[in-house]
$ cat protein-v7.cif   # mmCIF, C-alpha atoms, pLDDT in the B column; chains and numbers go by the auth columns
data_upload
#
loop_
_atom_site.group_PDB
_atom_site.id
_atom_site.type_symbol
_atom_site.label_atom_id
_atom_site.label_comp_id
_atom_site.label_asym_id
_atom_site.label_seq_id
_atom_site.Cartn_x
_atom_site.Cartn_y
_atom_site.Cartn_z
_atom_site.B_iso_or_equiv
_atom_site.auth_seq_id
_atom_site.auth_asym_id
ATOM 1 C CA MET A 1 0.000 0.000 0.000 42.00 1 Z
ATOM 2 C CA SER A 2 1.532 3.362 -0.999 46.00 2 Z
ATOM 3 C CA SER A 3 1.055 6.351 1.277 46.00 3 Z
ATOM 4 C CA PRO A 4 0.159 8.904 -1.486 46.00 4 Z
ATOM 5 C CA SER A 5 -3.158 7.131 -2.019 45.00 5 Z
ATOM 6 C CA TRP A 6 -4.362 8.060 1.496 49.00 6 Z
ATOM 7 C CA PRO A 7 -5.046 11.773 1.036 47.00 7 Z
ATOM 8 C CA ARG A 8 -6.977 11.171 -2.179 51.00 8 Z
ATOM 9 C CA CYS A 9 -9.136 8.584 -0.489 48.00 9 Z
ATOM 10 C CA ALA A 10 -9.894 11.007 2.348 51.00 10 Z
ATOM 11 C CA THR A 11 -10.770 13.720 -0.158 55.00 11 Z
ATOM 12 C CA ASP A 12 -13.160 11.378 -1.935 60.00 12 Z
ATOM 13 C CA ARG A 13 -14.862 10.584 1.321 59.00 13 Z
ATOM 14 C CA ARG A 14 -15.122 14.264 2.203 60.00 14 Z
ATOM 15 C CA ALA A 15 -16.465 15.044 -1.277 61.00 15 Z
ATOM 16 C CA MET A 16 -19.052 12.318 -0.916 57.00 16 Z
ATOM 17 C CA LEU A 17 -20.119 13.618 2.494 55.00 17 Z
ATOM 18 C CA GLY A 18 -20.326 17.112 1.037 56.00 18 Z
ATOM 19 C CA GLY A 19 -22.400 15.785 -1.820 53.00 19 Z
ATOM 20 C CA LEU A 20 -24.777 14.083 0.584 50.00 20 Z
ATOM 21 C CA LEU A 21 -25.068 17.272 2.600 50.00 21 Z
ATOM 22 C CA ALA A 22 -25.754 19.272 -0.572 50.00 22 Z
ATOM 23 C CA LEU A 23 -28.360 16.719 -1.623 46.00 23 Z
ATOM 24 C CA SER A 24 -30.145 17.052 1.702 46.00 24 Z
ATOM 25 C CA LEU A 25 -30.053 20.849 1.424 45.00 25 Z
ATOM 26 C CA VAL A 26 -31.359 21.131 -2.152 46.00 26 Z
ATOM 27 C CA ARG A 27 -34.406 19.026 -1.389 45.00 27 Z
ATOM 28 C CA PRO A 28 -37.375 21.285 -2.199 47.00 28 Z
ATOM 29 C CA ALA A 29 -38.444 23.209 0.847 51.00 29 Z
ATOM 30 C CA GLY A 30 -41.923 22.539 2.151 58.00 30 Z
ATOM 31 C CA ALA A 31 -44.721 24.986 1.607 66.00 31 Z
ATOM 32 C CA THR A 32 -44.659 27.501 4.404 77.00 32 Z
ATOM 33 C CA PRO A 33 -47.682 28.696 6.383 85.00 33 Z
ATOM 34 C CA GLU A 34 -47.407 31.867 4.250 89.00 34 Z
ATOM 35 C CA ALA A 35 -47.726 29.837 1.039 91.00 35 Z
ATOM 36 C CA LEU A 36 -50.738 28.082 2.568 93.00 36 Z
ATOM 37 C CA ALA A 37 -52.319 31.430 3.475 93.00 37 Z
ATOM 38 C CA ALA A 38 -51.619 32.757 -0.034 94.00 38 Z
ATOM 39 C CA ALA A 39 -53.210 29.688 -1.667 94.00 39 Z
ATOM 40 C CA MET A 40 -56.267 30.038 0.568 94.00 40 Z
ATOM 41 C CA ARG A 41 -56.536 33.769 -0.240 94.00 41 Z
ATOM 42 C CA GLU A 42 -56.441 32.936 -3.936 94.00 42 Z
ATOM 43 C CA PHE A 43 -59.349 30.506 -3.483 96.00 43 Z
ATOM 44 C CA THR A 44 -61.465 32.760 -1.262 95.00 44 Z
ATOM 45 C CA GLY A 45 -60.598 36.019 -2.995 94.00 45 Z
ATOM 46 C CA GLY A 46 -59.354 37.482 0.294 92.00 46 Z
ATOM 47 C CA ALA A 47 -62.374 36.541 2.408 92.00 47 Z
ATOM 48 C CA ALA A 48 -61.631 34.864 5.726 92.00 48 Z
ATOM 49 C CA PRO A 49 -63.356 31.458 5.980 94.00 49 Z
ATOM 50 C CA LEU A 50 -65.343 30.807 9.151 94.00 50 Z
ATOM 51 C CA PRO A 51 -64.863 27.542 11.023 95.00 51 Z
ATOM 52 C CA GLY A 52 -67.776 25.099 11.236 93.00 52 Z
ATOM 53 C CA GLY A 53 -70.124 23.349 8.869 94.00 53 Z
ATOM 54 C CA VAL A 54 -67.327 21.382 7.211 96.00 54 Z
ATOM 55 C CA THR A 55 -66.185 17.900 8.187 96.00 55 Z
ATOM 56 C CA LEU A 56 -62.637 16.944 7.240 97.00 56 Z
ATOM 57 C CA ASP A 57 -62.266 13.211 7.651 96.00 57 Z
ATOM 58 C CA ILE A 58 -58.658 12.027 7.743 96.00 58 Z
ATOM 59 C CA PRO A 59 -56.922 9.572 10.077 95.00 59 Z
ATOM 60 C CA PRO A 60 -55.007 11.523 12.768 94.00 60 Z
ATOM 61 C CA LEU A 61 -52.112 9.041 12.613 95.00 61 Z
ATOM 62 C CA VAL A 62 -50.944 7.942 9.168 92.00 62 Z
ATOM 63 C CA GLU A 63 -48.387 5.192 8.626 91.00 63 Z
ATOM 64 C CA ASN A 64 -47.750 5.756 4.925 90.00 64 Z
ATOM 65 C CA GLY A 65 -47.925 9.286 3.537 91.00 65 Z
ATOM 66 C CA ASN A 66 -48.023 8.101 -0.081 92.00 66 Z
ATOM 67 C CA ALA A 67 -51.772 7.474 -0.145 93.00 67 Z
ATOM 68 C CA VAL A 68 -53.814 8.919 2.683 95.00 68 Z
ATOM 69 C CA PRO A 69 -57.596 8.607 2.378 96.00 69 Z
ATOM 70 C CA VAL A 70 -59.327 11.914 2.986 97.00 70 Z
ATOM 71 C CA GLY A 71 -62.979 12.910 2.852 97.00 71 Z
ATOM 72 C CA VAL A 72 -64.648 16.305 2.968 97.00 72 Z
ATOM 73 C CA GLU A 73 -68.327 16.834 3.668 97.00 73 Z
ATOM 74 C CA VAL A 74 -70.122 20.164 3.907 96.00 74 Z
ATOM 75 C CA GLU A 75 -73.480 20.661 5.605 95.00 75 Z
ATOM 76 C CA SER A 76 -75.718 22.185 2.988 95.00 76 Z
ATOM 77 C CA PRO A 77 -79.269 21.664 1.688 95.00 77 Z
ATOM 78 C CA MET A 78 -77.794 21.863 -1.859 95.00 78 Z
ATOM 79 C CA THR A 79 -80.730 23.828 -3.278 95.00 79 Z
ATOM 80 C CA GLU A 80 -80.575 26.453 -6.013 94.00 80 Z
ATOM 81 C CA ALA A 81 -80.641 29.190 -3.352 94.00 81 Z
ATOM 82 C CA ASP A 82 -78.219 27.642 -0.874 95.00 82 Z
ATOM 83 C CA HIS A 83 -75.515 25.296 -2.097 96.00 83 Z
ATOM 84 C CA VAL A 84 -71.792 24.686 -2.083 97.00 84 Z
ATOM 85 C CA ARG A 85 -70.022 26.029 -5.186 96.00 85 Z
ATOM 86 C CA ALA A 86 -66.582 24.594 -4.562 97.00 86 Z
ATOM 87 C CA ILE A 87 -64.496 22.629 -2.100 97.00 87 Z
ATOM 88 C CA ALA A 88 -60.724 23.032 -1.835 97.00 88 Z
ATOM 89 C CA LEU A 89 -58.186 21.145 0.210 97.00 89 Z
ATOM 90 C CA PHE A 90 -54.891 22.667 1.328 96.00 90 Z
ATOM 91 C CA ASN A 91 -51.836 21.383 3.168 94.00 91 Z
ATOM 92 C CA GLU A 92 -49.163 23.119 5.172 92.00 92 Z
ATOM 93 C CA ARG A 93 -45.891 21.302 4.528 91.00 93 Z
ATOM 94 C CA ASN A 94 -45.928 19.550 1.143 91.00 94 Z
ATOM 95 C CA PRO A 95 -43.823 21.273 -1.550 91.00 95 Z
ATOM 96 C CA LEU A 96 -47.018 22.939 -2.858 93.00 96 Z
ATOM 97 C CA PRO A 97 -49.929 24.127 -0.697 94.00 97 Z
ATOM 98 C CA ASN A 98 -52.799 23.032 -2.996 95.00 98 Z
ATOM 99 C CA VAL A 99 -54.134 19.492 -3.001 96.00 99 Z
ATOM 100 C CA ILE A 100 -57.411 19.490 -4.910 97.00 100 Z
ATOM 101 C CA THR A 101 -60.070 22.017 -5.896 97.00 101 Z
ATOM 102 C CA ALA A 102 -63.494 20.691 -6.876 97.00 102 Z
ATOM 103 C CA ARG A 103 -66.427 22.502 -8.391 96.00 103 Z
ATOM 104 C CA LEU A 104 -69.978 21.344 -7.728 95.00 104 Z
ATOM 105 C CA GLY A 105 -73.497 22.741 -7.674 95.00 105 Z
ATOM 106 C CA PRO A 106 -77.085 22.171 -6.556 95.00 106 Z
ATOM 107 C CA TRP A 107 -77.280 19.211 -8.973 96.00 107 Z
ATOM 108 C CA SER A 108 -74.685 17.413 -6.824 96.00 108 Z
ATOM 109 C CA GLY A 109 -77.341 16.581 -4.232 95.00 109 Z
ATOM 110 C CA ALA A 110 -74.751 16.502 -1.461 95.00 110 Z
ATOM 111 C CA ALA A 111 -71.484 18.341 -0.873 96.00 111 Z
ATOM 112 C CA ARG A 112 -69.260 15.362 -0.317 96.00 112 Z
ATOM 113 C CA LEU A 113 -66.074 14.098 -1.914 96.00 113 Z
ATOM 114 C CA SER A 114 -63.215 11.840 -1.035 97.00 114 Z
ATOM 115 C CA THR A 115 -59.824 11.065 -2.521 97.00 115 Z
ATOM 116 C CA ARG A 116 -56.332 9.878 -1.586 97.00 116 Z
ATOM 117 C CA ILE A 117 -53.485 12.293 -1.076 96.00 117 Z
ATOM 118 C CA ARG A 118 -49.752 12.458 -0.381 94.00 118 Z
ATOM 119 C CA LEU A 119 -48.337 13.920 2.800 93.00 119 Z
ATOM 120 C CA ALA A 120 -44.647 14.836 2.925 90.00 120 Z
ATOM 121 C CA THR A 121 -44.570 15.109 6.705 91.00 121 Z
ATOM 122 C CA SER A 122 -46.744 15.582 9.791 93.00 122 Z
ATOM 123 C CA GLN A 123 -48.791 18.664 9.183 93.00 123 Z
ATOM 124 C CA ARG A 124 -52.080 20.506 9.238 93.00 124 Z
ATOM 125 C CA LEU A 125 -54.710 20.048 6.530 95.00 125 Z
ATOM 126 C CA ILE A 126 -57.392 22.597 5.773 96.00 126 Z
ATOM 127 C CA ALA A 127 -60.613 22.115 3.814 97.00 127 Z
ATOM 128 C CA VAL A 128 -62.430 25.235 2.606 97.00 128 Z
ATOM 129 C CA ALA A 129 -65.942 25.285 1.147 97.00 129 Z
ATOM 130 C CA ALA A 130 -67.247 28.137 -1.007 97.00 130 Z
ATOM 131 C CA LEU A 131 -70.969 28.666 -0.443 96.00 131 Z
ATOM 132 C CA SER A 132 -73.426 30.134 -2.928 95.00 132 Z
ATOM 133 C CA ASP A 133 -74.027 33.213 -0.735 94.00 133 Z
ATOM 134 C CA GLY A 134 -70.373 34.195 -1.166 94.00 134 Z
ATOM 135 C CA SER A 135 -69.224 33.094 2.288 95.00 135 Z
ATOM 136 C CA TYR A 136 -66.556 30.503 3.046 96.00 136 Z
ATOM 137 C CA ARG A 137 -66.426 27.752 5.639 96.00 137 Z
ATOM 138 C CA MET A 138 -63.434 25.727 6.754 95.00 138 Z
ATOM 139 C CA ALA A 139 -62.246 22.810 8.860 96.00 139 Z
ATOM 140 C CA GLU A 140 -58.739 21.828 9.818 94.00 140 Z
ATOM 141 C CA GLN A 141 -57.096 18.700 11.099 95.00 141 Z
ATOM 142 C CA GLN A 142 -53.620 17.891 12.357 95.00 142 Z
ATOM 143 C CA VAL A 143 -52.102 14.697 10.926 95.00 143 Z
ATOM 144 C CA VAL A 144 -49.065 12.764 12.149 95.00 144 Z
ATOM 145 C CA VAL A 145 -47.201 10.873 9.394 93.00 145 Z
ATOM 146 C CA THR A 146 -44.684 8.183 10.278 90.00 146 Z
ATOM 147 C CA LEU A 147 -43.489 7.312 6.741 82.00 147 Z
ATOM 148 C CA ALA A 148 -43.493 10.381 4.511 76.00 148 Z
ATOM 149 C CA ALA A 149 -44.294 10.574 0.806 70.00 149 Z
ATOM 150 C CA CYS A 150 -41.926 12.234 -1.715 58.00 150 Z
ATOM 151 C CA ILE A 151 -38.755 11.408 0.246 57.00 151 Z
ATOM 152 C CA GLU A 152 -38.674 7.623 0.279 49.00 152 Z
ATOM 153 C CA GLY A 153 -40.317 7.719 -3.154 46.00 153 Z
ATOM 154 C CA MET B 1 -55.525 4.069 -22.896 87.00 1 F
ATOM 155 C CA VAL B 2 -54.938 3.294 -19.271 93.00 2 F
ATOM 156 C CA ARG B 3 -57.107 1.320 -16.916 95.00 3 F
ATOM 157 C CA THR B 4 -59.932 3.035 -15.140 96.00 4 F
ATOM 158 C CA LEU B 5 -62.310 1.785 -12.521 96.00 5 F
ATOM 159 C CA LEU B 6 -65.746 3.377 -12.345 97.00 6 F
ATOM 160 C CA ARG B 7 -68.509 2.560 -9.933 97.00 7 F
ATOM 161 C CA VAL B 8 -71.741 4.066 -11.173 96.00 8 F
ATOM 162 C CA PRO B 9 -75.159 2.599 -10.359 96.00 9 F
ATOM 163 C CA ALA B 10 -76.807 1.243 -13.524 95.00 10 F
ATOM 164 C CA THR B 11 -80.255 2.333 -12.384 95.00 11 F
ATOM 165 C CA ALA B 12 -81.566 4.976 -10.022 96.00 12 F
ATOM 166 C CA ARG B 13 -84.842 6.511 -8.939 96.00 13 F
ATOM 167 C CA SER B 14 -85.607 10.020 -10.163 95.00 14 F
ATOM 168 C CA GLY B 15 -84.223 12.590 -7.735 94.00 15 F
ATOM 169 C CA GLU B 16 -81.965 10.066 -6.050 95.00 16 F
ATOM 170 C CA VAL B 17 -78.516 11.220 -4.963 96.00 17 F
ATOM 171 C CA ILE B 18 -76.035 8.683 -6.280 96.00 18 F
ATOM 172 C CA GLU B 19 -72.407 8.297 -5.297 97.00 19 F
ATOM 173 C CA ILE B 20 -69.894 7.925 -8.110 97.00 20 F
ATOM 174 C CA ARG B 21 -66.468 6.440 -7.463 98.00 21 F
ATOM 175 C CA THR B 22 -63.660 6.800 -9.977 97.00 22 F
ATOM 176 C CA LEU B 23 -60.078 5.588 -10.166 97.00 23 F
ATOM 177 C CA ILE B 24 -57.529 5.817 -12.968 97.00 24 F
ATOM 178 C CA ALA B 25 -54.132 4.149 -13.263 97.00 25 F
ATOM 179 C CA HIS B 26 -51.642 7.015 -13.426 96.00 26 F
ATOM 180 C CA PRO B 27 -48.239 7.530 -11.712 93.00 27 F
ATOM 181 C CA MET B 28 -48.939 11.194 -10.735 94.00 28 F
ATOM 182 C CA GLU B 29 -45.185 11.922 -10.817 93.00 29 F
ATOM 183 C CA THR B 30 -44.886 14.997 -8.603 92.00 30 F
ATOM 184 C CA GLY B 31 -41.897 16.721 -10.213 91.00 31 F
ATOM 185 C CA PHE B 32 -40.119 16.821 -6.847 89.00 32 F
ATOM 186 C CA ARG B 33 -38.934 13.240 -6.591 87.00 33 F
ATOM 187 C CA PRO B 34 -35.452 12.061 -7.641 86.00 34 F
ATOM 188 C CA GLY B 35 -35.339 8.947 -9.787 85.00 35 F
ATOM 189 C CA ALA B 36 -32.891 6.041 -9.719 88.00 36 F
ATOM 190 C CA ASP B 37 -30.197 8.149 -11.466 90.00 37 F
ATOM 191 C CA GLY B 38 -30.468 10.962 -8.899 88.00 38 F
ATOM 192 C CA THR B 39 -32.025 13.547 -11.207 92.00 39 F
ATOM 193 C CA VAL B 40 -35.445 14.956 -10.431 91.00 40 F
ATOM 194 C CA GLN B 41 -38.165 13.259 -12.449 91.00 41 F
ATOM 195 C CA PRO B 42 -40.200 15.670 -14.587 93.00 42 F
ATOM 196 C CA ARG B 43 -43.748 16.298 -13.482 94.00 43 F
ATOM 197 C CA ASP B 44 -46.404 14.067 -15.027 95.00 44 F
ATOM 198 C CA ILE B 45 -49.767 14.446 -13.327 96.00 45 F
ATOM 199 C CA ILE B 46 -53.448 14.578 -14.152 97.00 46 F
ATOM 200 C CA ARG B 47 -54.388 18.246 -13.929 96.00 47 F
ATOM 201 C CA ARG B 48 -58.111 18.123 -14.386 97.00 48 F
ATOM 202 C CA PHE B 49 -61.004 15.731 -13.981 97.00 49 F
ATOM 203 C CA THR B 50 -64.485 16.481 -15.276 97.00 50 F
ATOM 204 C CA CYS B 51 -67.761 14.607 -15.174 97.00 51 F
ATOM 205 C CA ARG B 52 -70.496 15.492 -17.659 97.00 52 F
ATOM 206 C CA PHE B 53 -74.065 14.265 -17.534 96.00 53 F
ATOM 207 C CA ASN B 54 -75.832 14.486 -20.904 95.00 54 F
ATOM 208 C CA ASN B 55 -73.069 16.867 -21.997 95.00 55 F
ATOM 209 C CA ARG B 56 -73.558 19.229 -19.051 95.00 56 F
ATOM 210 C CA GLU B 57 -70.683 19.608 -16.617 96.00 57 F
ATOM 211 C CA VAL B 58 -71.766 18.361 -13.189 96.00 58 F
ATOM 212 C CA PHE B 59 -68.436 17.961 -11.414 97.00 59 F
ATOM 213 C CA ALA B 60 -64.923 19.220 -12.060 97.00 60 F
ATOM 214 C CA ALA B 61 -61.739 18.983 -10.053 97.00 61 F
ATOM 215 C CA GLU B 62 -58.265 20.447 -10.389 97.00 62 F
ATOM 216 C CA LEU B 63 -55.646 18.011 -9.190 97.00 63 F
ATOM 217 C CA HIS B 64 -52.236 19.007 -7.838 96.00 64 F
ATOM 218 C CA PRO B 65 -49.099 16.886 -7.229 94.00 65 F
ATOM 219 C CA ALA B 66 -50.298 16.198 -3.664 94.00 66 F
ATOM 220 C CA VAL B 67 -52.937 13.806 -5.004 96.00 67 F
ATOM 221 C CA ALA B 68 -51.704 10.233 -4.640 95.00 68 F
ATOM 222 C CA ALA B 69 -50.775 7.987 -7.568 94.00 69 F
ATOM 223 C CA ASN B 70 -53.740 6.316 -9.285 96.00 70 F
ATOM 224 C CA PRO B 71 -56.094 9.190 -8.437 97.00 71 F
ATOM 225 C CA TYR B 72 -59.230 8.032 -6.660 97.00 72 F
ATOM 226 C CA LEU B 73 -62.136 10.419 -6.460 97.00 73 F
ATOM 227 C CA THR B 74 -65.688 10.048 -5.244 98.00 74 F
ATOM 228 C CA PHE B 75 -68.502 12.562 -5.496 97.00 75 F
ATOM 229 C CA THR B 76 -72.282 12.707 -5.592 97.00 76 F
ATOM 230 C CA LEU B 77 -74.879 13.582 -8.186 96.00 77 F
ATOM 231 C CA ARG B 78 -78.649 13.977 -8.096 96.00 78 F
ATOM 232 C CA VAL B 79 -80.134 12.331 -11.185 95.00 79 F
ATOM 233 C CA GLU B 80 -83.528 13.323 -12.602 94.00 80 F
ATOM 234 C CA GLU B 81 -83.404 11.659 -16.022 94.00 81 F
ATOM 235 C CA SER B 82 -81.708 8.809 -17.840 96.00 82 F
ATOM 236 C CA GLY B 83 -78.541 9.658 -19.658 95.00 83 F
ATOM 237 C CA ILE B 84 -74.864 9.177 -20.237 96.00 84 F
ATOM 238 C CA LEU B 85 -72.171 10.062 -17.740 97.00 85 F
ATOM 239 C CA ALA B 86 -68.863 10.998 -19.357 97.00 86 F
ATOM 240 C CA PHE B 87 -65.696 11.090 -17.268 97.00 87 F
ATOM 241 C CA THR B 88 -62.625 12.897 -18.624 97.00 88 F
ATOM 242 C CA TRP B 89 -59.127 13.001 -17.168 97.00 89 F
ATOM 243 C CA GLU B 90 -56.652 15.492 -18.663 97.00 90 F
ATOM 244 C CA GLY B 91 -53.035 15.945 -17.694 96.00 91 F
ATOM 245 C CA ASP B 92 -49.421 16.639 -18.535 95.00 92 F
ATOM 246 C CA ASN B 93 -47.812 15.362 -21.749 95.00 93 F
ATOM 247 C CA GLY B 94 -51.127 15.623 -23.575 95.00 94 F
ATOM 248 C CA PHE B 95 -52.804 12.986 -21.433 96.00 95 F
ATOM 249 C CA SER B 96 -56.527 12.761 -22.058 97.00 96 F
ATOM 250 C CA GLN B 97 -58.942 9.928 -21.569 97.00 97 F
ATOM 251 C CA THR B 98 -62.714 9.756 -21.548 97.00 98 F
ATOM 252 C CA GLU B 99 -64.939 6.952 -20.309 97.00 99 F
ATOM 253 C CA THR B 100 -68.720 6.837 -20.460 96.00 100 F
ATOM 254 C CA ARG B 101 -71.366 5.004 -18.462 96.00 101 F
ATOM 255 C CA PRO B 102 -75.097 4.916 -19.089 96.00 102 F
ATOM 256 C CA ILE B 103 -77.537 5.369 -16.239 96.00 103 F
ATOM 257 C CA ALA B 104 -81.233 4.483 -16.399 96.00 104 F
ATOM 258 C CA VAL B 105 -83.499 6.574 -14.181 95.00 105 F
ATOM 259 C CA ALA B 106 -86.937 5.212 -13.408 87.00 106 F
#

$ encode --input "protein-v7.cif" --output "structure tokens"
Amino acid sequence: MSSPSWPRCATDRRAMLGGLLALSLVRPAGATPEALAAAMREFTGGAAPLPGGVTLDIPPLVENGNAVPVGVEVESPMTEADHVRAIALFNERNPLPNVITARLGPWSGAARLSTRIRLATSQRLIAVAALSDGSYRMAEQQVVVTLAACIEG
Amino acid sequence: MVRTLLRVPATARSGEVIEIRTLIAHPMETGFRPGADGTVQPRDIIRRFTCRFNNREVFAAELHPAVAANPYLTFTLRVEESGILAFTWEGDNGFSQTETRPIAVA
């Protein structure tokens, strides 16, 4: 074994560690609470949604963040005069704050939808419903994720 | 054409609120995830889902990368007359697929 090979080996190791560090740093940052607020403002047009009237159904403890079942139901008679125009779901710490935005109307019969979503980490989820009278309702739920989506692939 | 799974009742009473369940086989690549070679995989998601009943839009949804792979979506519809339900998924890379189901209303 020749001694000159030692420094190069050490450099390689340092370079690899540096590369790993860089890789962990360039991972896309999660959506911030500000991004969440901005996405909600875009949906509501600046109006502040009131809590109540919306049920956000999601397990509080999730093992696998790659496919988390979530349901949203809004109390509404769904008549021509009083119905839900749209339902939107937002998250706090995925790379992007939006999850899904659905448009419905009195012909829907009920304001209810469900889907499966990805969660990058433990975070808060917010469902906002747009009512036909121009007001907005919301519900939020904290979720703990043990195996995150996006990172493990 | 990719596989879809649709659960739509074949018959319904007039004025009944039916639940429609849809699923489509799609990777929903987020655009944030590194692949096996370490480079970030380009985004490939379904952007929009629409349901039309007798050519009238009755449900539409905008999907974002946070929707899980093989997007599953359920929603409701009040049916007053017989007709055809058409489901359309549109997404990145020119993805577009439409499936139809008849429904008989008594």

$ resolve_selection --input "protein-v7.cif" --expression "the PyMOL selection byres ((chain Z) within 6 of (chain F))" --output "list in words"
Ala67, Val99, Ile100, Thr101, Ala102, Arg103, Leu104, Trp107, Ser108, Gly109, Arg112, Leu113, Ser114, Thr115, Arg116, Ile117, Arg118 and Cys150 of chain Z

$ closest_residue --input "protein-v7.cif" --among "F:Pro102, F:Asn93, F:Val8, F:Ala25" --to "F:Asp44" --atoms "all atoms listed in the file"
F:Asn93

$ atom_distance --input "protein-v7.cif" --atom1 "atom CA of Z:Asn98" --atom2 "atom CA of Z:Ala35"
9.4 Å

$ closest_residue --input "protein-v7.cif" --among "F:Phe95, F:Asn54, F:Ile24, F:Ala36" --to "F:Leu6" --atoms "all atoms listed in the file"
F:Ile24

$ resolve_selection --input "protein-v7.cif" --expression "the PyMOL selection byres ((chain Z and resi 106) around 6)" --output "ChimeraX atom specification"
/Z:78-80,83,105,107-108

$ residues_near_point --input "protein-v7.cif" --point "(-42.8, 6.5, 7.6)" --cutoff "12 Å" --atoms "all atoms listed in the file" --output "list in words"
Leu61, Val62, Glu63, Asn64, Gly65, Asn66, Ala67, Leu119, Ala120, Thr121, Ser122, Val144, Val145, Thr146, Leu147, Ala148, Ala149, Cys150, Ile151, Glu152 and Gly153 of chain Z

$ atom_distance --input "protein-v7.cif" --atom1 "atom CA of F:Thr11" --atom2 "atom CA of F:Ile103"
5.6 Å

$ atom_distance --input "protein-v7.cif" --atom1 "atom CA of F:Gly94" --atom2 "atom CA of Z:Arg85"
28.3 Å

$ resolve_selection --input "protein-v7.cif" --expression "the PyMOL selection byres ((chain Z and resi 57) around 9)" --output "PyMOL selection string"
chain Z and resi 55-56+58-59+69-73+114+141
